[in-house]
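Asks: After the structure tokens below, expect a handful of questions from me.
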Amino acid sequence: MIGRGGLAAQTVILVVAGAASQALYAVLVALVANRAGPAAFGLAAGAMGVGGMLVGVVDFGFNAFSVRELAAGRITEESYWNRLRVLFAVAVAGALVISMAALATPWPELGLVVALVLLSRTAINGVVVPLRAARRVMKVATVLLLERLVALVLAVVLLTTTAVGALPTLWWSLVGGAFAALAAGVLLGGPSRLRWVPTGLTAPWRATAGYGRFSLAVSATSLDVTLLAATGGSAQAGIYSAVSRWTQPVQFFAQAYSSAAAPAIAQASSSRVALQAVRRSLWLLCGAVVTCAALVLLAPTAVSLVLGDTYRQSADVLVVLSIGAAVVVVNQPLATFLQARGHENVVGICTVGTVSLQLVGVCVTAGPFGAQGAAWSYGVGQLALTALLATYASLLVRRHRRDGAHQPDPGVREPVLAADARGADT
């Protein structure tokens with residue numbers, strides 16, 4: 001009942017669960033960072049960033065596209081599960097290649113980390129797609145919380161009762177959390193939904209080009225730590241990555257709102273109806289902006305208490321990241337609205353451009369400014385994305401007013417997977 005309630009209620013549930021899960025992850029990272037030190041933790045964070053980027057490469061917009069099409073009734077769940085199996089098979093093949101190739105490097109364990117991140121995130125993201133499309137937000141929230149809670153508990157147990165090093169503790173705890181979340185996602189969605197329906201093998205990336213560009217660009221943002229380590233040193237990467245996740249609970253306000261709103265926007269008969277459905281709950285995003293302001297004010301004290309004097313430079317980084325997170329609160333829902341109404345190609349192009357600007361900025365500023373330069377590159381990239389999306393949205397509004405309200409929404413099209421709408425793949 002709650003899961004199918006109003007958009008505001010769904011958003012609050014996802015915000016609370018997402019913020020709690022990210023807070024748990026921040027505690028986990030702080031425990032490991034203190035034991036490992038900036039240099040070692042910087043290398044580990046870089047490897048995790050590469051794994052996160054590869055998740056986006058393999059996904060190529062499949063999950064976000066599937067949420068929209070499932071919500072709109074243009075594909076069946078049987079078709080989705082068959083496509084997900086193909087996607088996961090590709091992820092397994094990629095993980096094996098990465099693990100084997102890493103054996104020839106001085107850091108084979110980092111290749112294993114990349115492979116683990118690739119497999120775990122692909123599986124978890126895949127099993128919650130039908131839950132998101134059906135607006136079963138309580139079940140989605142359960143998966144999010146369970147993953148982080150299990151990981152943190154395992155990390156505390158390993159650090160306090162065994163001689164396992166800090167970084168191996170991080171890997172094992174993340175793997176344990178991933179298995180718990182995967183099991184929960186399958187069980188909550190109903191094991192019967194995973195039964196094999198032999199409708200033929202179909203590439204999961206059909207008609208996902210617009211979402212794919214967006215997904216690749218968002219995944220590429222995780223390379224900021226890797227590039228910072230390469231151009232500014234692993235110590236600067238450790239200073240940056242130690243607090244880079246602290247803004248995630250704030251950003252999850254926007255992500256949760258977008259996740260809850262996307263199915264409703266896709267189901268709406270017109271953009272006017274969709275806007276009316278989401279407008280009443282926009283006030284929730286104000287809480288995220290207030291939290292960003294609080295982070296700016298409390299950054300020095302918080303970093304000193306949690307990380308200690310070793311990471312005192314992280315306080316200035318956190319201030320800039322908090323400002324950038326406040327901008328995300330604006331552009332994330334705007335991007336989701338445009339995508340759900342059929343303008344995913346424009347959103348993808350704009351995101352690719354601004355993320356490229358951010359990563360180039362990291363390479364240019366890492367030498368003279370270190371972690372602070374990477375933080376400013378992030379903020380400038382988010383401002384540029386907001387400006388581009390707002391400009392395009394304003395042009396759409398003017399066009400709609402000029403053509404008349406009776407005209408169909410620009411960008412909204414007929415079902416792109418006609419065969420899937422009939423319950424079979426071609």
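Chains: A, B, ... in order of the structure tokens. Residues: from 1 per chain. Ligands: from 1, in order shown.
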Write out as a CSV table (one decimal) with all heavy atoms, in the first residue's frame which residues come within 6 Å of segment 170-182 of chain A when counting only C-alpha atoms, dropping same-chain ones fewer than 4 positions away.
Replies:
chain,number,residue,atom,x,y,z
A,120,SER,N,28.9,-7.4,-9.2
A,120,SER,CA,27.9,-7.1,-8.1
A,120,SER,C,26.9,-6.0,-8.5
A,120,SER,O,25.7,-6.2,-8.3
A,120,SER,CB,28.6,-6.8,-6.8
A,120,SER,OG,29.4,-5.6,-7.0
A,124,ILE,N,22.8,-6.5,-9.0
A,124,ILE,CA,21.9,-5.8,-8.1
A,124,ILE,C,21.0,-4.8,-8.8
A,124,ILE,O,19.8,-4.7,-8.6
A,124,ILE,CB,22.7,-5.1,-7.0
A,124,ILE,CG1,23.4,-6.1,-6.1
A,124,ILE,CG2,21.8,-4.2,-6.1
A,124,ILE,CD1,24.4,-5.5,-5.1
A,143,VAL,N,16.3,-3.6,-0.3
A,143,VAL,CA,17.5,-4.1,-1.0
A,143,VAL,C,18.7,-3.1,-0.7
A,143,VAL,O,19.8,-3.5,-0.4
A,143,VAL,CB,17.3,-4.2,-2.5
A,143,VAL,CG1,18.6,-4.6,-3.2
A,143,VAL,CG2,16.2,-5.3,-2.7
A,146,LEU,N,19.9,-3.3,3.0
A,146,LEU,CA,20.5,-4.6,3.4
A,146,LEU,C,21.9,-4.7,2.8
A,146,LEU,O,22.8,-5.2,3.5
A,146,LEU,CB,19.6,-5.8,2.8
A,146,LEU,CG,20.0,-7.2,3.3
A,146,LEU,CD1,19.9,-7.3,4.8
A,146,LEU,CD2,19.1,-8.2,2.6
A,147,GLU,N,22.1,-4.3,1.6
A,147,GLU,CA,23.5,-4.3,1.0
A,147,GLU,C,24.5,-3.6,1.9
A,147,GLU,O,25.5,-4.2,2.3
A,147,GLU,CB,23.5,-3.8,-0.4
A,147,GLU,CG,24.9,-3.8,-1.0
A,147,GLU,CD,24.9,-3.0,-2.3
A,147,GLU,OE1,23.9,-2.4,-2.7
A,147,GLU,OE2,26.0,-3.1,-3.0
A,150,VAL,N,24.9,-5.2,5.7
A,150,VAL,CA,25.6,-6.4,5.8
A,150,VAL,C,27.1,-6.1,5.5
A,150,VAL,O,28.0,-6.7,6.2
A,150,VAL,CB,25.1,-7.4,4.7
A,150,VAL,CG1,26.1,-8.6,4.6
A,150,VAL,CG2,23.7,-7.9,5.1
A,151,ALA,N,27.4,-5.2,4.6
A,151,ALA,CA,28.8,-4.9,4.3
A,151,ALA,C,29.5,-4.2,5.5
A,151,ALA,O,30.6,-4.6,5.9
A,151,ALA,CB,28.9,-3.9,3.1
A,154,LEU,N,30.1,-6.9,8.3
A,154,LEU,CA,31.2,-7.8,8.0
A,154,LEU,C,32.5,-7.0,8.2
A,154,LEU,O,33.5,-7.6,8.7
A,154,LEU,CB,31.0,-8.2,6.5
A,154,LEU,CG,30.0,-9.3,6.3
A,154,LEU,CD1,29.9,-9.6,4.8
A,154,LEU,CD2,30.4,-10.6,7.0
A,155,ALA,N,32.6,-5.8,7.8
A,155,ALA,CA,33.8,-5.0,7.9
A,155,ALA,C,34.2,-4.9,9.4
A,155,ALA,O,35.4,-5.0,9.7
A,155,ALA,CB,33.7,-3.6,7.3
Asks: Give one line per residue of segment 237-276 of chain A that approaches segment 298-311 of chain A to at most 12 Å, naming the two atoms of the closest pair and their distance in Å to one decimal, counting only C-alpha atoms; sort by chain then ascending residue number and deliver it as a tab-separated table.
Replies:
residue	atom	partner	partner_atom	distance
A:Ala237	CA	A:Tyr311	CA	11.3
A:Gly238	CA	A:Tyr311	CA	8.7
A:Ile239	CA	A:Tyr311	CA	6.0
A:Tyr240	CA	A:Tyr311	CA	9.1
A:Ser241	CA	A:Tyr311	CA	10.6
A:Ala242	CA	A:Tyr311	CA	8.0
A:Val243	CA	A:Val303	CA	8.1
A:Ser244	CA	A:Val303	CA	11.7
A:Trp246	CA	A:Ala299	CA	10.0
A:Thr247	CA	A:Ala299	CA	11.0
Asks: Of the candidates A:Ala374, A:Leu388, A:Leu112, A:Ala44, which shows the shortest atom-to-atom distance to Gln236 of chain A, using only C-alpha atoms?
Replies: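 Looking only at the distances to Gln236 of chain A, the closest residue turns out to be A:Ala374.
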Asks: So that I can check the surroundings of Glu344 of chain A, please list as a PyMOL selection string every protein, DNA and RNA residue that reaches within 10 Å of it, counting only C-alpha atoms and ignoring chain neighbours fewer than 6 positions away.
Replies: chain A and resi 61+65+208-214+335-338+350+411
Asks: Can you list, as a compact mmCIF listing (two decimals) with all heavy atoms, in the first residue's frame, every protein, DNA or RNA residue that comes within 7 Å of segment 45-52 of chain A when you count only C-alpha atoms, leaving out same-chain residues fewer than 4 positions away?
Replies:
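Final output, selection_21.txt:
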# COMPACT_ATOMS: atom_id res chain seq x y z
N PHE A 41 44.64 3.75 0.09
CA PHE A 41 43.21 3.86 -0.15
C PHE A 41 42.92 4.55 -1.48
O PHE A 41 41.93 4.27 -2.13
CB PHE A 41 42.55 4.63 0.99
CG PHE A 41 41.05 4.71 0.88
CD1 PHE A 41 40.27 3.59 1.06
CD2 PHE A 41 40.43 5.91 0.55
CE1 PHE A 41 38.89 3.65 0.94
CE2 PHE A 41 39.06 5.98 0.42
CZ PHE A 41 38.28 4.85 0.62
N GLY A 56 28.57 0.90 -16.14
CA GLY A 56 27.83 1.73 -17.08
C GLY A 56 28.07 1.34 -18.51
O GLY A 56 27.17 1.42 -19.35
N LEU A 110 43.93 -5.55 -7.64
CA LEU A 110 43.10 -4.45 -8.12
C LEU A 110 42.22 -4.88 -9.28
O LEU A 110 41.09 -4.42 -9.42
CB LEU A 110 43.98 -3.26 -8.52
CG LEU A 110 44.78 -2.61 -7.39
CD1 LEU A 110 45.56 -1.41 -7.91
CD2 LEU A 110 43.88 -2.20 -6.24
N VAL A 113 39.26 -6.52 -7.83
CA VAL A 113 38.31 -5.53 -7.31
C VAL A 113 37.43 -4.99 -8.43
O VAL A 113 36.21 -4.88 -8.30
CB VAL A 113 39.08 -4.37 -6.64
CG1 VAL A 113 38.13 -3.25 -6.28
CG2 VAL A 113 39.79 -4.87 -5.40
N VAL A 114 38.04 -4.67 -9.56
CA VAL A 114 37.27 -4.18 -10.71
C VAL A 114 36.23 -5.21 -11.14
O VAL A 114 35.06 -4.87 -11.39
CB VAL A 114 38.22 -3.84 -11.88
CG1 VAL A 114 37.42 -3.49 -13.13
CG2 VAL A 114 39.14 -2.69 -11.52
N ALA A 115 36.64 -6.48 -11.21
CA ALA A 115 35.71 -7.54 -11.62
C ALA A 115 34.57 -7.70 -10.62
O ALA A 115 33.40 -7.88 -11.02
CB ALA A 115 36.47 -8.85 -11.76
N VAL A 117 33.31 -5.44 -8.54
CA VAL A 117 32.39 -4.31 -8.64
C VAL A 117 31.50 -4.45 -9.87
O VAL A 117 30.28 -4.22 -9.82
CB VAL A 117 33.18 -2.99 -8.70
CG1 VAL A 117 32.25 -1.81 -9.01
CG2 VAL A 117 33.90 -2.74 -7.37
N LEU A 118 32.09 -4.86 -10.99
CA LEU A 118 31.33 -5.03 -12.22
C LEU A 118 30.21 -6.06 -12.05
O LEU A 118 29.05 -5.80 -12.42
CB LEU A 118 32.27 -5.44 -13.35
CG LEU A 118 31.63 -5.84 -14.69
CD1 LEU A 118 30.82 -4.69 -15.26
CD2 LEU A 118 32.70 -6.29 -15.68
N SER A 219 28.67 6.99 -15.52
CA SER A 219 29.65 6.02 -15.02
C SER A 219 31.07 6.56 -15.14
O SER A 219 31.92 6.29 -14.29
CB SER A 219 29.54 4.71 -15.81
OG SER A 219 28.26 4.14 -15.64
N SER A 222 33.04 8.33 -12.28
CA SER A 222 33.81 7.60 -11.26
C SER A 222 35.29 7.53 -11.60
O SER A 222 36.10 7.11 -10.76
CB SER A 222 33.24 6.19 -11.09
OG SER A 222 33.32 5.46 -12.29
N LEU A 223 35.66 7.94 -12.81
CA LEU A 223 37.07 7.96 -13.18
C LEU A 223 37.81 9.17 -12.61
O LEU A 223 39.02 9.28 -12.79
CB LEU A 223 37.21 7.97 -14.71
CG LEU A 223 36.83 6.67 -15.44
CD1 LEU A 223 36.94 6.88 -16.94
CD2 LEU A 223 37.73 5.53 -15.00
N VAL A 225 38.57 9.89 -9.60
CA VAL A 225 39.57 9.45 -8.62
C VAL A 225 40.76 8.82 -9.33
O VAL A 225 41.93 9.08 -8.98
CB VAL A 225 38.95 8.46 -7.62
CG1 VAL A 225 40.02 7.96 -6.65
CG2 VAL A 225 37.82 9.12 -6.85
N THR A 226 40.49 7.99 -10.35
CA THR A 226 41.57 7.35 -11.09
C THR A 226 42.45 8.38 -11.77
O THR A 226 43.69 8.30 -11.73
CB THR A 226 40.98 6.38 -12.12
OG1 THR A 226 40.07 5.48 -11.47
CG2 THR A 226 42.07 5.57 -12.79
N SER A 241 38.81 11.01 -2.31
CA SER A 241 37.85 9.90 -2.22
C SER A 241 37.38 9.65 -0.79
O SER A 241 36.30 9.08 -0.59
CB SER A 241 38.47 8.62 -2.80
OG SER A 241 39.66 8.29 -2.11
Asks: Set the distance at 9 Å and use only C-alpha atoms: which residues neighbour Arg85 of chain A once local chain neighbours fewer than 5 positions away are removed? I'd like the list as a list in words.
Replies: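 What passes the distance filter is Tyr80, Val90 and Pro204 of chain A.
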Asks: As an MDAnalysis selection string, please: every residue in segment 73-322 of chain A that a backbone DSSP assignment puts in alpha helix (DSSP H).
Replies: chainID A and resid 77:102 108:127 129:133 137:161 166:189 209:220 223:232 234:244 248:267 271:279 284:306 314:322
Asks: Just the number, please: distance in Å from atom CA of Ala261 of chain A to atom CA of Val290 of chain A, one decimal.
Replies: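 Separating atom CA of Ala261 of chain A from atom CA of Val290 of chain A is a distance of 21.6 Å.
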Asks: Can you pull out every residue within 9 Å of Tyr25 of chain A, counting only C-alpha atoms, but drop anything in the same chain fewer than 6 positions away, and send it as an mmCIF file with C-alpha atoms, in the first residue's frame?
Replies:
data_model
loop_
_atom_site.group_PDB
_atom_site.id
_atom_site.type_symbol
_atom_site.label_atom_id
_atom_site.label_comp_id
_atom_site.auth_asym_id
_atom_site.auth_seq_id
_atom_site.Cartn_x
_atom_site.Cartn_y
_atom_site.Cartn_z
ATOM 1 C CA ARG A 148 25.178 -1.585 3.052
ATOM 2 C CA LEU A 149 24.217 -2.947 6.468
ATOM 3 C CA ALA A 151 28.814 -4.868 4.307
ATOM 4 C CA LEU A 152 29.384 -2.665 7.371
ATOM 5 C CA ARG A 245 30.864 9.833 -0.836
#
Asks: Write out as a PyMOL selection string which residues come within 7 Å of segment 20-22 of chain A when counting only C-alpha atoms, dropping same-chain ones fewer than 6 positions away.
Replies: chain A and resi 144-145+148+248-249
Asks: Atoms to include: N, CA and C atoms. Write the selected residues as a JSON list (two decimals), in the first residue's frame.
Replies:
[["chain", "number", "residue", "atom", "x", "y", "z"],
["A", 144, "LEU", "N", 18.44, -1.79, -0.84],
["A", 144, "LEU", "CA", 19.48, -0.79, -0.64],
["A", 144, "LEU", "C", 20.08, -0.86, 0.76],
["A", 145, "LEU", "N", 19.21, -0.92, 1.75],
["A", 145, "LEU", "CA", 19.68, -0.93, 3.14],
["A", 145, "LEU", "C", 20.41, -2.22, 3.49],
["A", 148, "ARG", "N", 24.22, -2.37, 2.29],
["A", 148, "ARG", "CA", 25.18, -1.59, 3.05],
["A", 148, "ARG", "C", 25.30, -2.08, 4.49],
["A", 248, "GLN", "N", 26.77, 11.84, -1.05],
["A", 248, "GLN", "CA", 25.82, 10.90, -1.65],
["A", 248, "GLN", "C", 24.46, 10.90, -0.96],
["A", 249, "PRO", "N", 24.38, 10.95, 0.38],
["A", 249, "PRO", "CA", 23.05, 11.03, 0.98],
["A", 249, "PRO", "C", 22.26, 12.24, 0.51]]
Asks: Tell me which of A:Leu28, A:Thr122, A:Gly94, A:Val218 sits closest to Val157 of chain A, counting only C-alpha atoms.
Replies: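 Between A:Leu28, A:Thr122, A:Gly94, A:Val218, the residue approaching Val157 of chain A most closely is A:Leu28.
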Asks: Please measure the separation of atom CA of Leu14 of chain A and atom CA of Ala184 of chain A, giving the value in Å to one decimal.
Replies: 16.4 Å
Asks: So what do you get for atom CA of Arg312 of chain A versus atom CA of Tyr378 of chain A, distance-wise?
Replies: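 For atom CA of Arg312 of chain A relative to atom CA of Tyr378 of chain A, the distance reads 20.1 Å.
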Asks: Looking at A:Ala264, A:Leu87, A:Ala294, A:Ala40, which one is nearest to Ala235 of chain A, with distances taken over only C-alpha atoms?
Replies: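 Counting only C-alpha atoms, the residue closest to Ala235 of chain A is A:Ala40.
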Asks: Considering only C-alpha atoms, state which residue in the set A:Leu334, A:Ala141, A:Ala230, A:Leu359 is at the smallest distance from Ser394 of chain A.
Replies: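 With only C-alpha atoms as the atom set, the closest residue is A:Leu334.
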Asks: Counting only C-alpha atoms, figure out which residue out of A:Ala375, A:Leu228, A:Ala262, A:Thr391 gets nearest to Cys363 of chain A.
Replies: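 Looking only at the distances to Cys363 of chain A, the closest residue turns out to be A:Leu228.
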Asks: Using only C-alpha atoms, pick whichever of A:Ser377, A:Thr354, A:Ser99, A:Thr365 has the shortest atom-to-atom distance to Leu389 of chain A.
Replies: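 The answer is A:Thr354, which sits nearest to Leu389 of chain A.
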